[in-house]
Each structure stands twice: as C-alpha cells, then as structure tokens.
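Have a look at the structure below before the remarks.
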Amino acid sequence: MEQDNETSEGDFVLLGFSDQPQLELILFVVVLVSYLLTIVGNSAIILVSLLDPKLQTPMYFFLTNLSLIDLCFTTSIVPQLLWNLKGPSKTITWTGCAIQLYVSLSLGSTECVLLTIMAFDRYVAVCKPLNYTTIMHPSFCKALAAVAWVSGVGNTLIQGTITLRLPRCGHHRLQHFLCEVPVMVKLACVDIHANEVQLFVATLVLILIPMLLILFSYGLIVQAVVKLKSAQAWRKALGTCGSHLIVVSFFFGTSSVIYIKPQKYYGYVEGKYLTLFYSVATPTLNPLIYTLRNKDVKGALRRLFRREPSA
C-alpha cells in the first residue's frame, strides 16, 4: 500500500477508523468539540479550586488533581487522533508512540488510584464527619495524591518499557488510534504469554482492586445512611457522593472491559469506540458532572466571573 511506502522503518501506522472513512469527518468534529470542552471545563475547575477560599478542602484538592490528569491525558491522545482523522496520513513516529504510551498509561493508572482515594474521602466525610478535618488534613491528602501519581508512573515504567522492548519483526500496523499496551503487544513476533500475565496482574492491581475498594467504601456509606433512616441523610449522601459515583461508573465501566479481556477486545470496532469514550468523552463529562451537580462549584464559578475589579 502507498501508506506503507511512505512510512519510515521506525514509524507506526495507526489504522484507527480508516476502515470507516465515511465517519472520519464526523469523528473529527466530535473529538475536536469534546477536546475544547475538556480544556475549558477542567481548566475552570482547577482555577476555581485554587482561587476560591471556600473550595480549599480535601474534596476539591483531589478534584483538582483529577482535572489535571484529564487535561494531560486527553492532550496526549487527541492531537494525534485529530491529525490522523483529518487526512490520509496515519503515521506516528516511534518516539511519538513511546511518549503517548508512557504519558497516557501513567495518567490512566494514576486516575484509577486517585478515584479510589476520592471514594475514601467521601467515606470519611459521610461516616466520620466529626473527625473529617482531623483525618483528612492537608499533609495526609498530599501524601495520598503522591501515592496515586507515583503508582501511575511506576506501573508505566514497568509495562511501557517491557512493551516497547518486544521484537516486532517489522510489524508496525496498529489496529487502533493510539499506542496502548494491549494493542502493541499484539505486534510482537515472540511468545507473549508472559506479557499477557503481566498485563493481567497490572489490571488486577490497578483496576479490579480499586473497583472493589470503591464498592466497599460505598457499601459502608450506604450502611451508615440506612441506620439514620432519614430522607435528608439520603439526599445529603447523594449530594456528597453522587458526582464521584457517576464518574467512577463511566471510567471503570469502560476501562475494565478493555483491559480485562484485551485479547477478545482489540481489533474490533466496538473496542475502538469504548476506548474513544473513556479517553475522550469521559474527561469532557467529568467537569460537567461535577459542576451541574455541585452547588459549591457553581457558586465559585459565579463569584469568579462576577468579581469586580478593585478600585
């Protein structure tokens, strides 16, 4: 093919949605709009969380980290995706592919741990309100955030490096729109059983265990609220936890399908759209979910944009 003749030896071809050329223009517009909304929405949350004194709380500290992750995560994927959607060139250099792999995997892994930490924060807020400020003091929150970031980077250095070192024997056509571990492993021309086991272990540690911990946290929250037998308590708990629960459902619902059974997933149209949802749509929806359901954030945005200049 002409595409292969124009590809240098070290480059990869991201086939992406080239098997559905009639959809590429539509996807280009949708992805571009989503990316712009992601930038605006997450930047606004970071801005108000840093500037508004009323939002200097653990919940918004973790939310700021989540917004920063979403901004960087989509930026590591979307520009290359838009470039590939707009024209016939579908190539990405080896260096570009490696950077995308390391950055997206690191941020995705960090988000798994951070969402678990945010569930713990909600548990303390609902079940131990009198001790909340004592337990979730700033230094402890910073330590928890550091654990999330370090675990993400550590996982990436292991998985990403092992994946990039696999011999490919000239294979360079990726059945995807981004460089991601499961699809890159499929290019290897050696036995990849050990890599599949390693990927399964990483999935267990960073997706399945966090999901169980989050479910456990919300189980304790429900148990505590049920004991109160109060409609007001239910409304308060829903207001406190509802946004986080929706975000968790979107993120883990799609990423778990992708990583738990990657050998049955990759190379299929459904898989590409699932990845598109969690990598592009979810970071766009997160700030909308938190602002539409959160009176504090909406109030902070109003105060920020209505602030009058000092005399």
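Following the order of the structure tokens, first chain is A, next is B, and so on, with residues numbered from 1 inside each chain and ligands from 1 in the order they appear.
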
Taking the DSSP secondary structure from the backbone, can you list the residues of stretch 7-170 of chain A that are strand (DSSP E or B), as a list in words? Phe12, Val13, Leu14, Thr91 and Ile92 of chain A

Per DSSP on the backbone, what are the alpha helix (DSSP H) residues of stretch 18-261 of chain A, as an MDAnalysis selection string? chainID A and resid 21:51 58:86 94:127 132:135 138:164 181:185 193:203 209:228 231:260

Give me, as a ChimeraX atom specification, all polymer residues having an atom no more than 10 Å from A:Tyr218, counting only C-alpha atoms and skipping those fewer than 5 positions away in the same chain. /A:119-120,122-123,126,212-213,223-224,241,245

Got time to write the residues from that selection, N, CA, C and O atoms, as an mmCIF file, in the first residue's frame?
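Written output follows (out38.cif):
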```cif
data_model
loop_
_atom_site.group_PDB
_atom_site.id
_atom_site.type_symbol
_atom_site.label_atom_id
_atom_site.label_comp_id
_atom_site.auth_asym_id
_atom_site.auth_seq_id
_atom_site.Cartn_x
_atom_site.Cartn_y
_atom_site.Cartn_z
ATOM 1 N N ALA A 119 -12.955 8.048 46.810
ATOM 2 C CA ALA A 119 -14.014 7.263 47.457
ATOM 3 C C ALA A 119 -13.764 7.188 48.963
ATOM 4 O O ALA A 119 -14.706 7.277 49.770
ATOM 5 N N PHE A 120 -12.500 7.025 49.362
ATOM 6 C CA PHE A 120 -12.157 7.018 50.781
ATOM 7 C C PHE A 120 -12.478 8.368 51.418
ATOM 8 O O PHE A 120 -13.015 8.436 52.534
ATOM 9 N N ARG A 122 -14.812 10.428 50.506
ATOM 10 C CA ARG A 122 -16.281 10.506 50.651
ATOM 11 C C ARG A 122 -16.754 9.634 51.824
ATOM 12 O O ARG A 122 -17.698 9.992 52.535
ATOM 13 N N TYR A 123 -16.099 8.496 52.021
ATOM 14 C CA TYR A 123 -16.448 7.634 53.151
ATOM 15 C C TYR A 123 -16.207 8.369 54.475
ATOM 16 O O TYR A 123 -17.056 8.351 55.374
ATOM 17 N N VAL A 126 -18.857 11.145 55.067
ATOM 18 C CA VAL A 126 -20.212 10.712 55.410
ATOM 19 C C VAL A 126 -20.237 9.930 56.718
ATOM 20 O O VAL A 126 -21.118 10.145 57.567
ATOM 21 N N LEU A 212 -13.077 -2.799 43.696
ATOM 22 C CA LEU A 212 -13.580 -3.463 44.904
ATOM 23 C C LEU A 212 -13.497 -2.534 46.111
ATOM 24 O O LEU A 212 -14.415 -2.506 46.949
ATOM 25 N N LEU A 213 -12.418 -1.776 46.219
ATOM 26 C CA LEU A 213 -12.269 -0.839 47.336
ATOM 27 C C LEU A 213 -13.311 0.266 47.272
ATOM 28 O O LEU A 213 -13.863 0.688 48.302
ATOM 29 N N GLN A 223 -24.554 1.655 54.338
ATOM 30 C CA GLN A 223 -24.856 1.060 55.643
ATOM 31 C C GLN A 223 -25.032 2.138 56.703
ATOM 32 O O GLN A 223 -25.957 2.076 57.528
ATOM 33 N N ALA A 224 -24.174 3.152 56.685
ATOM 34 C CA ALA A 224 -24.260 4.234 57.669
ATOM 35 C C ALA A 224 -25.514 5.078 57.470
ATOM 36 O O ALA A 224 -26.171 5.471 58.433
ATOM 37 N N CYS A 241 -21.762 12.209 47.358
ATOM 38 C CA CYS A 241 -21.109 11.109 46.643
ATOM 39 C C CYS A 241 -21.568 10.924 45.207
ATOM 40 O O CYS A 241 -20.915 10.200 44.444
ATOM 41 N N LEU A 245 -19.561 8.989 42.101
ATOM 42 C CA LEU A 245 -20.052 7.664 41.721
ATOM 43 C C LEU A 245 -20.320 7.589 40.224
ATOM 44 O O LEU A 245 -20.031 6.570 39.580
#
```

List the spatial neighbours of A:Ile214 as a PyMOL selection string - criterion: any atom at most 10 Å away, only C-alpha atoms, same-chain residues fewer than 3 positions off excluded. chain A and resi 115-120+123+208-211+217-220+245+248

For A:Tyr60, which residue among A:Val190, A:Phe177, A:Ile45, A:Leu274 is the nearest when counting only C-alpha atoms?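 Using only C-alpha atoms, A:Tyr60 sits closest to A:Ile45.
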
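If you look at atom CA of A:Lys227 and atom CA of A:Cys127, they are 11.0 Å away from each other.
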
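Closest approach to A:Leu107 from the set A:Gly299, A:Gly41, A:Pro167, A:Pro283 is made by A:Pro283, with distances taken over only C-alpha atoms.
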
Nearest to A:Val78, chosen from A:Leu178, A:Leu14, A:Met184, A:Leu285, with only C-alpha atoms counted in the distances: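 Nearest to A:Val78: A:Leu178.
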
Do you know which residues are at most 12 Å from A:Asn42 counting only C-alpha atoms, after dropping those on the same chain fewer than 4 positions away, and could you put them as a PyMOL selection string? chain A and resi 34-38+46-49+63-74+282-291+297

Could you pull the residues within 7 Å of A:Gln175, counting only C-alpha atoms, minus those fewer than 2 positions along the same chain, as a PyMOL selection string? chain A and resi 14-16+173+267

Top pick for closest residue to A:Thr91, considering A:Phe17, A:Phe251, A:Trp234, A:Phe12 and counting only C-alpha atoms: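 Closest residue, counting only C-alpha atoms: A:Phe12.
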
Quick check, in Å to one decimal: how far apart do atom CA of A:Cys179 and atom CA of A:Ile158 lie?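 One can read the atom CA of A:Cys179 to atom CA of A:Ile158 distance as 15.8 Å.
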